[in-house]
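Visitor: What follows is my_file_34.txt, compact mmCIF, C-alpha atoms.
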```
# COMPACT_ATOMS: atom_id res chain seq x y z
CA MET A 1 1.72 -29.14 -5.54
CA ALA A 2 2.98 -30.15 -2.14
CA LEU A 3 6.18 -32.07 -2.14
CA ASP A 4 8.05 -33.99 0.46
CA LYS A 5 6.53 -32.14 3.34
CA ASN A 6 8.39 -33.81 6.09
CA GLU A 7 11.82 -34.70 4.99
CA LEU A 8 14.81 -33.39 3.20
CA GLY A 9 15.39 -35.25 0.00
CA SER A 10 18.79 -33.85 -0.77
CA ARG A 11 22.07 -35.60 -1.25
CA GLY A 12 23.46 -36.93 1.99
CA GLU A 13 20.30 -36.16 3.92
CA SER A 14 18.05 -38.97 2.80
CA GLY A 15 19.63 -41.50 5.13
CA ARG A 16 19.18 -39.30 8.13
CA ALA A 17 15.69 -38.32 6.99
CA ALA A 18 14.61 -41.93 6.88
CA GLY A 19 15.43 -42.28 10.55
CA ARG A 20 13.42 -39.26 11.64
CA SER A 21 10.44 -40.02 13.75
CA VAL A 22 9.18 -36.43 13.95
CA SER A 23 8.26 -34.53 10.80
CA ASP A 24 9.21 -30.92 10.15
CA HIS A 25 5.62 -29.85 10.62
CA GLN A 26 5.36 -31.60 13.96
CA LEU A 27 8.54 -29.84 15.05
CA ILE A 28 7.11 -26.51 13.97
CA GLU A 29 3.97 -27.13 15.99
CA LYS A 30 6.16 -27.86 19.00
CA VAL A 31 8.12 -24.64 18.50
CA ARG A 32 4.87 -22.71 18.28
CA GLY A 33 3.93 -24.32 21.56
CA GLY A 34 7.11 -22.97 23.14
CA ASP A 35 9.37 -25.99 22.75
CA GLU A 36 12.79 -24.43 22.09
CA ALA A 37 14.44 -27.82 21.75
CA ALA A 38 12.29 -28.53 18.72
CA PHE A 39 13.75 -25.47 17.03
CA GLY A 40 17.19 -26.87 17.81
CA GLU A 41 16.19 -30.00 15.93
CA ILE A 42 15.09 -27.92 12.94
CA ILE A 43 18.44 -26.16 12.98
CA SER A 44 20.36 -29.40 13.12
CA ARG A 45 18.37 -30.79 10.20
CA TYR A 46 18.84 -27.84 7.91
CA LYS A 47 21.98 -25.99 8.94
CA ASN A 48 24.32 -27.94 6.67
CA PRO A 49 22.15 -28.01 3.53
CA ILE A 50 21.36 -24.31 3.87
CA THR A 51 24.97 -23.36 4.56
CA ASN A 52 26.13 -25.43 1.58
CA PHE A 53 23.46 -23.93 -0.68
CA LEU A 54 24.42 -20.40 0.30
CA TYR A 55 28.12 -21.18 0.04
CA ARG A 56 27.70 -22.44 -3.51
CA PHE A 57 25.54 -19.46 -4.34
CA LEU A 58 27.86 -16.80 -2.91
CA ASN A 59 31.19 -18.62 -3.08
CA ASP A 60 32.07 -17.05 0.26
CA TYR A 61 31.94 -19.29 3.31
CA GLU A 62 31.80 -16.58 5.99
CA GLU A 63 29.02 -14.77 4.20
CA ALA A 64 27.19 -18.04 3.66
CA VAL A 65 27.30 -18.86 7.38
CA ASP A 66 26.07 -15.37 8.28
CA LEU A 67 23.16 -15.61 5.87
CA ALA A 68 22.35 -19.15 6.98
CA GLN A 69 22.07 -17.88 10.56
CA GLU A 70 19.90 -15.01 9.38
CA THR A 71 17.72 -17.52 7.54
CA PHE A 72 17.04 -19.44 10.76
CA VAL A 73 16.38 -16.26 12.72
CA ARG A 74 13.81 -15.20 10.13
CA VAL A 75 12.25 -18.63 10.12
CA TYR A 76 11.95 -18.49 13.90
CA PHE A 77 10.17 -15.15 13.93
CA ALA A 78 7.93 -16.07 11.01
CA LEU A 79 6.81 -19.47 12.25
CA ASP A 80 3.44 -18.09 13.31
CA ARG A 81 2.77 -17.10 9.74
CA TYR A 82 4.08 -20.28 8.17
CA HIS A 83 1.43 -22.37 6.45
CA THR A 84 1.88 -26.10 6.53
CA ASN A 85 0.44 -26.39 3.03
CA TYR A 86 3.99 -26.07 1.80
CA ALA A 87 6.97 -28.25 2.47
CA PHE A 88 9.13 -26.70 5.14
CA SER A 89 12.24 -27.42 3.10
CA THR A 90 10.78 -25.35 0.25
CA TYR A 91 9.96 -22.56 2.67
CA ILE A 92 13.39 -22.35 4.25
CA TYR A 93 15.21 -22.58 0.92
CA ARG A 94 13.07 -19.78 -0.40
CA ILE A 95 14.04 -17.55 2.50
CA ALA A 96 17.69 -18.43 1.99
CA SER A 97 17.43 -17.76 -1.76
CA ASN A 98 15.87 -14.36 -1.19
CA LEU A 99 18.57 -13.42 1.28
CA ALA A 100 21.26 -14.57 -1.12
CA ILE A 101 19.78 -12.59 -4.00
CA SER A 102 19.61 -9.49 -1.78
CA GLU A 103 23.22 -10.00 -0.86
CA ILE A 104 24.21 -10.28 -4.52
CA ARG A 105 22.40 -7.01 -5.24
CA LYS A 106 24.19 -5.31 -2.36
CA ARG A 107 27.50 -6.56 -3.66
CA ARG A 108 26.69 -5.35 -7.13
CA ARG A 109 26.04 -1.87 -5.77
CA ARG A 110 29.32 -1.96 -3.87
CA THR A 111 31.38 -3.44 -6.67
CA VAL A 112 33.71 -1.24 -8.61
CA LEU A 113 33.92 -3.04 -11.87
CA SER A 114 37.35 -4.22 -12.81
CA LEU A 115 38.78 -2.79 -15.96
CA THR A 116 39.92 -6.21 -17.09
CA GLY A 117 38.36 -9.62 -17.36
CA LEU A 118 34.78 -8.50 -17.64
CA PHE A 119 32.23 -9.50 -20.13
CA GLN A 120 28.53 -9.09 -20.39
CA SER A 121 26.79 -12.29 -19.45
CA ASP A 122 23.26 -13.42 -20.13
CA GLU A 123 20.59 -10.71 -20.19
CA GLY A 124 23.02 -7.89 -19.68
CA GLU A 125 24.14 -8.92 -16.21
CA ALA A 126 27.74 -8.07 -15.49
CA ALA A 127 29.77 -11.05 -14.38
CA GLU A 128 33.38 -11.79 -13.88
CA PHE A 129 35.01 -14.04 -16.43
CA GLN A 130 37.30 -16.62 -14.98
CA PRO A 131 39.28 -18.49 -17.65
CA PRO A 132 40.10 -22.05 -16.70
CA ASP A 133 43.56 -22.56 -15.33
CA THR A 134 44.78 -25.60 -17.25
CA ARG A 135 48.34 -25.65 -16.03
CA PRO A 136 49.37 -29.12 -14.83
CA LEU A 137 49.68 -29.66 -11.09
CA GLN A 138 51.74 -32.40 -9.56
CA ASP A 139 49.66 -33.33 -6.57
CA SER A 140 46.27 -34.91 -7.22
CA ASP A 141 44.73 -33.28 -4.12
CA LEU A 142 45.89 -29.94 -5.34
CA VAL A 143 44.38 -30.68 -8.72
CA GLU A 144 41.11 -31.60 -7.04
CA ASP A 145 41.12 -28.45 -4.93
CA GLU A 146 41.91 -26.31 -7.90
CA ARG A 147 39.14 -27.89 -9.92
CA SER A 148 36.60 -27.40 -7.14
CA ARG A 149 37.65 -23.81 -6.78
CA VAL A 150 37.22 -23.10 -10.47
CA ILE A 151 33.87 -24.88 -10.63
CA ALA A 152 32.64 -22.97 -7.59
CA LYS A 153 33.73 -19.72 -9.16
CA ALA A 154 32.04 -20.61 -12.42
CA ILE A 155 28.78 -21.31 -10.58
CA ALA A 156 29.04 -18.00 -8.80
CA THR A 157 29.25 -16.17 -12.13
CA LEU A 158 25.93 -17.55 -13.35
CA PRO A 159 22.96 -15.20 -13.26
CA PRO A 160 20.83 -15.97 -10.15
CA LYS A 161 17.94 -17.28 -12.19
CA TYR A 162 20.18 -20.10 -13.47
CA ARG A 163 22.40 -20.35 -10.41
CA ILE A 164 19.64 -21.24 -7.94
CA PRO A 165 18.16 -24.16 -9.92
CA ILE A 166 21.61 -25.48 -10.88
CA ILE A 167 22.74 -25.55 -7.25
CA LEU A 168 19.51 -27.09 -6.03
CA ARG A 169 19.47 -29.73 -8.74
CA ASP A 170 23.11 -30.62 -9.37
CA VAL A 171 24.82 -29.65 -6.11
CA GLU A 172 22.02 -30.33 -3.61
CA GLY A 173 20.55 -33.20 -5.59
CA ARG A 174 16.95 -32.07 -5.36
CA SER A 175 14.28 -33.25 -7.77
CA TYR A 176 13.09 -31.09 -10.65
CA GLU A 177 9.68 -30.87 -8.97
CA GLU A 178 11.16 -29.55 -5.74
CA VAL A 179 13.24 -26.99 -7.61
CA ALA A 180 10.18 -25.88 -9.58
CA GLU A 181 8.13 -25.44 -6.41
CA LEU A 182 10.87 -23.57 -4.63
CA MET A 183 11.33 -21.19 -7.55
CA GLN A 184 7.58 -20.94 -8.10
CA LEU A 185 8.03 -21.86 -11.74
CA GLY A 186 6.56 -24.47 -14.03
CA LEU A 187 8.36 -27.74 -14.43
CA GLY A 188 9.21 -27.06 -18.07
CA THR A 189 10.65 -23.62 -17.31
CA THR A 190 12.67 -25.05 -14.46
CA LYS A 191 14.15 -27.78 -16.64
CA SER A 192 14.88 -25.27 -19.34
CA ARG A 193 16.72 -23.01 -16.90
CA ILE A 194 18.74 -25.88 -15.51
CA SER A 195 19.68 -26.94 -19.02
CA ARG A 196 20.60 -23.37 -19.94
CA GLY A 197 22.64 -23.03 -16.75
CA ARG A 198 24.52 -26.20 -17.53
CA GLY A 199 25.21 -24.87 -21.01
CA LEU A 200 26.67 -21.66 -19.57
CA LEU A 201 28.79 -23.67 -17.15
CA ARG A 202 30.01 -25.91 -19.97
CA GLU A 203 31.30 -22.85 -21.78
CA LYS A 204 33.12 -21.66 -18.66
CA LEU A 205 34.56 -25.07 -17.78
CA ILE A 206 35.47 -26.30 -21.23
CA GLY A 207 39.05 -27.05 -20.19
CA TYR A 208 37.99 -29.21 -17.28
CA LEU A 209 35.45 -31.20 -19.24
CA ASP A 210 38.17 -32.47 -21.53
CA GLY A 211 40.34 -33.52 -18.61
CA MET B 1 19.83 -36.95 -32.92
CA GLU B 2 23.50 -37.41 -32.16
CA GLU B 3 23.80 -33.76 -31.34
CA THR B 4 21.05 -34.08 -28.75
CA ARG B 5 22.71 -37.15 -27.28
CA SER B 6 26.01 -35.32 -27.12
CA GLN B 7 24.36 -32.41 -25.38
CA ASP B 8 22.74 -34.75 -22.86
CA GLN B 9 26.10 -36.36 -22.20
CA GLU B 10 27.72 -32.98 -21.64
CA GLU B 11 24.92 -31.95 -19.31
CA GLY B 12 25.37 -35.19 -17.46
CA THR B 13 29.08 -34.49 -17.15
CA ILE B 14 28.41 -31.01 -15.79
CA SER B 15 25.89 -32.43 -13.37
CA ARG B 16 28.40 -35.03 -12.12
CA LEU B 17 31.09 -32.38 -11.88
CA LEU B 18 28.87 -30.20 -9.70
CA GLY B 19 27.78 -33.18 -7.67
CA SER B 20 31.39 -34.00 -6.90
CA LEU B 21 31.96 -30.66 -5.14
CA PRO B 22 32.74 -31.00 -1.45
CA THR B 23 29.85 -30.11 0.87
CA ALA B 24 30.28 -27.07 3.07
CA GLU B 25 29.13 -27.64 6.63
CA ALA B 26 27.95 -25.18 9.23
CA PRO B 27 30.39 -24.38 12.04
CA GLU B 28 30.10 -26.08 15.44
CA ASN B 29 28.65 -23.06 17.20
CA PHE B 30 26.03 -22.44 14.51
CA GLU B 31 23.00 -23.11 16.71
CA ALA B 32 24.40 -21.04 19.57
CA MET B 33 24.93 -18.12 17.20
CA VAL B 34 21.38 -18.39 15.87
CA ARG B 35 19.94 -18.46 19.38
CA SER B 36 22.08 -15.50 20.36
CA GLN B 37 20.74 -13.48 17.43
CA ILE B 38 17.18 -14.49 18.28
CA ALA B 39 17.71 -13.33 21.87
CA ASP B 40 19.16 -10.02 20.68
CA ARG B 41 16.19 -9.33 18.47
CA ARG B 42 13.74 -10.31 21.17
CA GLN B 43 15.20 -7.57 23.35
CA THR B 44 14.78 -4.92 20.70
CA GLU B 45 11.43 -6.24 19.47
CA PRO B 46 9.66 -8.00 22.33
CA SER B 47 7.09 -9.62 20.12
CA GLY B 48 9.68 -10.69 17.62
CA ARG B 49 7.89 -8.85 14.87
CA PRO B 50 8.97 -5.67 13.16
CA VAL B 51 7.58 -2.55 14.74
CA LEU B 52 6.47 -1.29 11.36
CA TRP B 53 4.44 -4.43 10.81
CA LEU B 54 2.71 -3.96 14.14
CA ALA B 55 2.04 -0.34 13.34
CA LEU B 56 0.48 -1.29 10.04
CA LYS B 57 -1.58 -4.04 11.63
CA PHE B 58 -3.09 -1.96 14.43
CA ALA B 59 -2.49 1.75 13.89
CA LEU B 60 -3.65 1.86 10.30
CA PRO B 61 -7.08 0.30 10.90
CA MET B 62 -7.54 2.60 13.92
CA LEU B 63 -6.67 5.60 11.82
CA LEU B 64 -9.12 4.52 9.14
CA LEU B 65 -11.86 4.11 11.75
CA VAL B 66 -11.19 7.60 13.11
CA PHE B 67 -11.37 9.08 9.62
CA LEU B 68 -14.55 7.17 8.89
CA GLY B 69 -16.13 8.37 12.15
CA ALA B 70 -15.13 11.95 11.47
CA PHE B 71 -16.54 11.72 7.95
CA LEU B 72 -19.86 10.35 9.20
CA ILE B 73 -20.16 13.09 11.83
CA VAL B 74 -19.40 15.83 9.32
CA SER B 75 -21.75 14.41 6.69
CA ASP B 76 -24.57 14.05 9.25
CA ASP B 77 -24.10 17.66 10.34
CA SER B 78 -24.21 18.92 6.76
CA SER B 79 -27.28 16.94 5.82
CA LEU B 80 -29.18 18.22 8.85
CA ASN B 81 -28.42 21.80 7.96
CA VAL B 82 -29.36 21.44 4.34
CA GLY B 83 -32.59 19.62 5.01
CA MET B 84 -33.74 21.74 7.95
CA VAL B 85 -36.98 23.62 7.53
CA PRO B 86 -37.22 26.89 9.46
CA PRO B 87 -39.06 26.28 12.70
CA VAL B 88 -42.27 27.98 13.58
CA ASP B 89 -41.94 31.21 15.57
CA SER B 90 -38.27 31.39 14.86
CA PRO B 91 -36.86 34.69 16.00
CA GLY B 92 -34.00 34.75 13.53
CA VAL B 93 -35.02 37.21 10.83
CA ALA B 94 -34.20 40.58 12.21
CA SER B 95 -35.13 43.11 9.59
CA VAL B 96 -36.11 43.71 6.02
CA ASP B 97 -34.51 46.30 3.78
CA LEU B 98 -36.06 47.30 0.53
CA GLU B 99 -34.15 49.09 -2.16
CA GLU B 100 -36.95 51.56 -2.80
CA LYS B 101 -37.69 52.53 0.78
CA SER B 102 -36.50 55.72 2.42
CA PRO B 103 -34.21 55.69 5.45
CA ALA B 104 -37.08 57.09 7.46
CA ASN B 105 -39.20 54.15 6.58
CA GLU B 106 -36.47 51.62 7.06
CA LEU B 107 -37.81 48.77 8.98
CA ALA B 108 -35.99 47.11 11.73
CA VAL B 109 -38.49 44.56 12.70
CA ASN B 110 -38.03 41.49 14.73
CA SER B 111 -39.90 38.30 14.43
CA ARG B 112 -42.80 39.61 16.52
CA ASN B 113 -43.59 42.79 14.65
CA ALA B 114 -42.60 41.69 11.17
CA ARG B 115 -46.20 40.78 10.37
CA GLN B 116 -47.67 43.84 12.10
CA GLN B 117 -45.49 46.45 10.44
CA PRO B 118 -45.94 46.49 6.65
CA VAL B 119 -43.12 47.40 4.37
CA ASN B 120 -43.33 50.60 2.37
CA ARG B 121 -42.09 49.33 -0.95
CA ASN B 122 -42.90 52.46 -2.88
CA ALA B 123 -40.67 54.81 -0.93
CA GLU B 124 -37.78 56.35 -2.87
CA VAL B 125 -34.19 55.83 -1.96
CA PRO B 126 -32.11 59.04 -1.66
CA LYS B 127 -29.44 59.25 -4.33
CA ASN B 128 -26.60 60.09 -1.97
CA SER B 129 -27.21 57.22 0.40
CA PRO B 130 -25.58 53.81 -0.14
CA SER B 131 -27.91 51.27 -1.59
CA SER B 132 -29.57 48.94 0.81
CA GLU B 133 -28.11 46.03 -1.13
CA GLU B 134 -24.61 47.30 -0.42
CA LYS B 135 -25.52 47.75 3.22
CA ALA B 136 -26.90 44.27 3.39
CA LEU B 137 -23.85 42.78 1.74
CA SER B 138 -21.60 44.64 4.14
CA GLN B 139 -23.29 42.80 6.98
CA ASP B 140 -22.35 39.35 5.77
CA ASP B 141 -20.51 38.41 8.89
CA THR B 142 -23.40 39.10 11.19
CA THR B 143 -26.26 37.67 9.20
CA MET B 144 -28.50 35.70 11.56
CA PHE B 145 -30.72 32.72 10.99
CA PRO B 146 -33.07 30.79 13.20
CA PRO B 147 -31.55 28.19 15.49
CA GLY B 148 -30.70 25.09 13.54
CA VAL B 149 -30.98 26.91 10.23
CA ASP B 150 -27.79 28.57 9.21
CA PRO B 151 -27.08 28.42 5.50
CA ARG B 152 -23.60 29.72 6.25
CA ARG B 153 -22.77 26.36 7.74
CA VAL B 154 -23.60 24.46 4.60
CA ALA B 155 -20.33 23.26 3.22
CA GLY B 156 -19.70 23.88 -0.47
CA LYS B 157 -22.24 24.99 -3.03
CA VAL B 158 -25.96 24.45 -2.64
CA SER B 159 -28.62 24.74 -5.32
CA ALA B 160 -30.63 27.97 -5.25
CA PRO B 161 -34.04 26.24 -4.73
CA GLU B 162 -32.54 24.27 -1.87
CA ILE B 163 -31.32 27.29 0.01
CA LEU B 164 -34.59 29.15 -0.65
CA ARG B 165 -36.45 26.15 0.73
CA MET B 166 -34.46 26.61 3.92
CA LEU B 167 -35.96 30.05 4.19
CA GLY B 168 -39.45 28.62 3.73
CA ILE B 169 -39.86 29.45 0.02
CA GLU B 170 -40.96 26.93 -2.56
CA VAL B 171 -39.90 28.11 -5.98
CA SER B 172 -40.06 27.18 -9.61
CA CYS B 173 -36.89 28.23 -11.39
CA SER B 174 -36.30 29.27 -14.96
CA ASN B 175 -33.52 31.21 -16.65
CA ALA B 176 -35.09 34.49 -15.54
CA GLY B 177 -35.01 33.50 -11.88
CA CYS B 178 -36.98 31.56 -9.32
CA LYS B 179 -40.69 32.30 -9.04
CA VAL B 180 -42.21 31.95 -5.59
CA VAL B 181 -44.80 29.17 -5.70
CA SER B 182 -45.65 29.12 -2.04
CA ILE B 183 -44.51 30.56 1.27
CA GLN B 184 -44.45 28.46 4.38
CA ALA B 185 -46.49 30.01 7.14
CA ASN B 186 -44.45 31.53 9.98
CA SER B 187 -41.25 30.97 8.08
CA ILE B 188 -38.45 33.43 7.50
CA ALA B 189 -39.83 34.16 4.06
CA SER B 190 -43.25 35.08 5.40
CA LYS B 191 -41.62 37.47 7.86
CA LEU B 192 -39.57 39.00 5.09
CA GLY B 193 -42.77 39.96 3.35
CA LEU B 194 -42.25 37.73 0.35
CA GLU B 195 -45.39 36.84 -1.55
CA LYS B 196 -46.50 34.18 -3.92
CA GLY B 197 -45.72 35.28 -7.46
CA ASP B 198 -42.59 37.24 -6.57
CA LEU B 199 -39.65 36.50 -8.80
CA ILE B 200 -36.38 35.99 -6.94
CA GLU B 201 -33.77 36.87 -9.49
CA ALA B 202 -30.67 37.25 -7.31
CA ILE B 203 -29.11 35.95 -4.13
CA ASP B 204 -26.42 38.17 -2.63
CA GLY B 205 -26.40 40.23 -5.80
CA LYS B 206 -25.77 37.27 -8.08
CA ARG B 207 -28.39 36.34 -10.60
CA ILE B 208 -29.91 32.92 -10.15
CA GLY B 209 -31.87 30.61 -12.39
CA ALA B 210 -32.50 26.95 -13.03
CA GLY B 211 -29.36 25.03 -12.08
CA SER B 212 -27.76 27.92 -10.18
CA THR B 213 -25.80 27.22 -7.04
CA VAL B 214 -24.83 29.50 -4.19
CA GLU B 215 -22.07 29.23 -1.62
CA GLY B 216 -24.35 28.16 1.20
CA LYS B 217 -24.73 31.71 2.47
CA VAL B 218 -27.55 34.20 2.02
CA SER B 219 -27.43 37.86 2.98
CA SER B 220 -29.90 39.35 0.55
CA LEU B 221 -32.50 38.42 -2.01
CA GLY B 222 -33.10 40.42 -5.18
CA ILE B 223 -36.78 40.21 -6.11
CA VAL B 224 -39.10 41.52 -8.82
CA ARG B 225 -42.69 42.26 -7.88
CA ALA B 226 -45.12 43.79 -10.33
CA GLY B 227 -42.24 44.80 -12.59
CA LYS B 228 -40.37 46.59 -9.80
CA ARG B 229 -37.03 45.43 -8.52
CA SER B 230 -36.19 45.44 -4.85
CA THR B 231 -33.72 43.85 -2.48
CA ILE B 232 -34.61 42.11 0.73
CA ALA B 233 -31.76 41.93 3.18
CA LEU B 234 -31.39 39.46 5.98
CA ARG B 235 -29.53 41.09 8.80
CA PRO B 236 -29.02 40.57 12.48
CA HIS B 237 -31.60 41.35 15.04
```
Translate the structure of the given file into structure tokens.
Guide:
Amino acid sequence: MALDKNELGSRGESGRAAGRSVSDHQLIEKVRGGDEAAFGEIISRYKNPITNFLYRFLNDYEEAVDLAQETFVRVYFALDRYHTNYAFSTYIYRIASNLAISEIRKRRRRTVLSLTGLFQSDEGEAAEFQPPDTRPLQDSDLVEDERSRVIAKAIATLPPKYRIPIILRDVEGRSYEEVAELMQLGLGTTKSRISRGRGLLREKLIGYLDG
Amino acid sequence: MEETRSQDQEEGTISRLLGSLPTAEAPENFEAMVRSQIADRRQTEPSGRPVLWLALKFALPMLLLVFLGAFLIVSDDSSLNVGMVPPVDSPGVASVDLEEKSPANELAVNSRNARQQPVNRNAEVPKNSPSSEEKALSQDDTTMFPPGVDPRRVAGKVSAPEILRMLGIEVSCSNAGCKVVSIQANSIASKLGLEKGDLIEAIDGKRIGAGSTVEGKVSSLGIVRAGKRSTIALRPH
């Protein structure tokens, strides 16, 4: 199943994608031919979506930028081995996902579990419980910021197998088919995981859903 | 039905909530940083690929080829030795010892006089002298064979008929031993004085029979001829 091989279909990217005259695969061929500027074009196309994806996954902007840079470096050195049978967007998101999962594992090894505020999440994975802060705030911007912060934190507590599809689908706005291809899962399993992830988020964000 | 609808609505709400999150953007110098990292790695890895990957791609196949070549050479060498028939006029068999001969009659014949000088098989062995079998066994390290035929070089165990064939003896083996069916002319066996009908019951003091194997090394043969036991030793010229 080859999806959208040339363009990004995510939220905020479709407009720019429509105006692109050169596909991702054409750019890759140029890079393979030694055209460094073509790689610059690839970076400019994907740097924001990848950074945002990693930021929502890790909930740490600095770390997200570092890993996004690492993603592009790996893409650059692996371009010779890249097969154009797959959408480039799928390929680069997969690299970013793998890096993010590795980072989560490293953090888990480093983490000294807090004595308070811990519970066992789905499938025995330790996660931090963040109760919603429902105290009223006067300024609407502050309320918005606070809400975003809590939502971001709630996403970051999801197990990776739910977190990745939720971010790709609901934050990045990708289609179920794209998410399924990226995760190398069936469409039904992907939908099920997204639904399950939303259910877990609903439990964490119950106070904000009412408001 | 309503429960499902409610769940769909809640999922929709969650989806909208997540969709409303502000988008994080890469910093201004993002591309410069990426290019800088690429340049750094190019310096450490000129090809841009991990050294380990290169090693696996090239060194491993080379290593396998070397092992394969070495294996073929060794196996060729072994098969030549095992299959080699003693050449005509080979000078390798130096002497023949018989258990029942006296020291005075001990023969130290080379390949030229082996046929001319018959073995006195009826001579008695003095009681106080070491047996010829022991003497033969003590000479393991210097046992000689014709050029190209050296059972000592045969790696691992070899079947008894196979090693006897290398000496020019065709045998038929049973549990009692291996009976000589024929002797190749001008072979080691013919120079040792072996005859058709002899029963070879031991190699290097160990009894042999159908299915026996030896360590690819022969220093002496224990034979029975006309009901009498004797030992034929192969020793250096």
Visitor: Define the interface residues of chain A facing chain B as those within 8 Å, counting all atoms listed in the file, and report them as a count of residues only.
Guide: 29
Visitor: At what distance in Å, to one decimal, does CA of Leu164 in chain B lie from CA of Thr213 in chain B?
Guide: 11.0 Å
Visitor: Around (-30.3, 38.6, 2.3) in the file's frame, which residues reach within 6 Å when counting only C-alpha atoms? Return as a CSV table (one decimal) with C-alpha atoms, in the coordinates of the input?
Guide:
```
chain,number,residue,atom,x,y,z
B,218,VAL,CA,-27.6,34.2,2.0
B,219,SER,CA,-27.4,37.9,3.0
B,220,SER,CA,-29.9,39.4,0.6
B,221,LEU,CA,-32.5,38.4,-2.0
B,232,ILE,CA,-34.6,42.1,0.7
B,233,ALA,CA,-31.8,41.9,3.2
B,234,LEU,CA,-31.4,39.5,6.0
```
Visitor: Could you check how far CA of Arg94 in chain A sits from CA of Leu52 in chain B, in Å to one decimal?
Guide: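 Spanning CA of Arg94 in chain A to CA of Leu52 in chain B is a straight-line distance of 22.9 Å.
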Visitor: Report, in Å with one decimal, the straight-line distance from CA of Tyr91 in chain A to CA of Gly34 in chain A.
Guide: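 Interatomic distance here is 20.7 Å.
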Visitor: Looking at B:Leu194, B:Arg229, B:Asn175, B:Ile188, which one is nearest to Ala210 in chain B, with distances taken over only C-alpha atoms?
Guide: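 The closest residue to Ala210 in chain B is B:Asn175.
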Visitor: Excluding Tyr176 in chain A and its own-chain neighbours fewer than 3 positions away, which residues fall within 12 Å of it when counting all atoms listed in the file? Please give them as a PDB file with C-alpha atoms, keeping the file's coordinate frame.
Guide:
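Wrote it out as part-v4.pdb, contents follow:
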```pdb
ATOM      1  CA  LEU A   3       6.180 -32.070  -2.140  1.00  0.00           C
ATOM      2  CA  GLY A   9      15.390 -35.250   0.000  1.00  0.00           C
ATOM      3  CA  SER A  10      18.790 -33.850  -0.770  1.00  0.00           C
ATOM      4  CA  PRO A 165      18.160 -24.160  -9.920  1.00  0.00           C
ATOM      5  CA  ILE A 166      21.610 -25.480 -10.880  1.00  0.00           C
ATOM      6  CA  ILE A 167      22.740 -25.550  -7.250  1.00  0.00           C
ATOM      7  CA  LEU A 168      19.510 -27.090  -6.030  1.00  0.00           C
ATOM      8  CA  ARG A 169      19.470 -29.730  -8.740  1.00  0.00           C
ATOM      9  CA  ASP A 170      23.110 -30.620  -9.370  1.00  0.00           C
ATOM     10  CA  GLU A 172      22.020 -30.330  -3.610  1.00  0.00           C
ATOM     11  CA  GLY A 173      20.550 -33.200  -5.590  1.00  0.00           C
ATOM     12  CA  VAL A 179      13.240 -26.990  -7.610  1.00  0.00           C
ATOM     13  CA  ALA A 180      10.180 -25.880  -9.580  1.00  0.00           C
ATOM     14  CA  GLU A 181       8.130 -25.440  -6.410  1.00  0.00           C
ATOM     15  CA  LEU A 182      10.870 -23.570  -4.630  1.00  0.00           C
ATOM     16  CA  MET A 183      11.330 -21.190  -7.550  1.00  0.00           C
ATOM     17  CA  GLN A 184       7.580 -20.940  -8.100  1.00  0.00           C
ATOM     18  CA  LEU A 185       8.030 -21.860 -11.740  1.00  0.00           C
ATOM     19  CA  GLY A 186       6.560 -24.470 -14.030  1.00  0.00           C
ATOM     20  CA  LEU A 187       8.360 -27.740 -14.430  1.00  0.00           C
ATOM     21  CA  GLY A 188       9.210 -27.060 -18.070  1.00  0.00           C
ATOM     22  CA  THR A 189      10.650 -23.620 -17.310  1.00  0.00           C
ATOM     23  CA  THR A 190      12.670 -25.050 -14.460  1.00  0.00           C
ATOM     24  CA  LYS A 191      14.150 -27.780 -16.640  1.00  0.00           C
ATOM     25  CA  SER A 192      14.880 -25.270 -19.340  1.00  0.00           C
ATOM     26  CA  ARG A 193      16.720 -23.010 -16.900  1.00  0.00           C
ATOM     27  CA  ILE A 194      18.740 -25.880 -15.510  1.00  0.00           C
ATOM     28  CA  SER A 195      19.680 -26.940 -19.020  1.00  0.00           C
TER      29      SER A 195
END
```
Visitor: Tell me which protein, DNA and RNA residues are within 8 Å of Gly197 in chain B, counting only C-alpha atoms, leaving out same-chain ones fewer than 5 positions away, and put them as a list of chain:residue names.
Guide: B:Lys179, B:Val180, B:Val181, B:Arg225
Visitor: Once you add 5 Å to each side, what are the centre and edge lengths of the axis-aligned box holding all listed atoms of range 169-188 of chain B? One decimal in Å, as lines of an AutoDock Vina configuration file, if you can.
Guide:
```
center_x = -40.0
center_y = 30.7
center_z = -3.3
size_x = 23.0
size_y = 17.6
size_z = 36.6
```
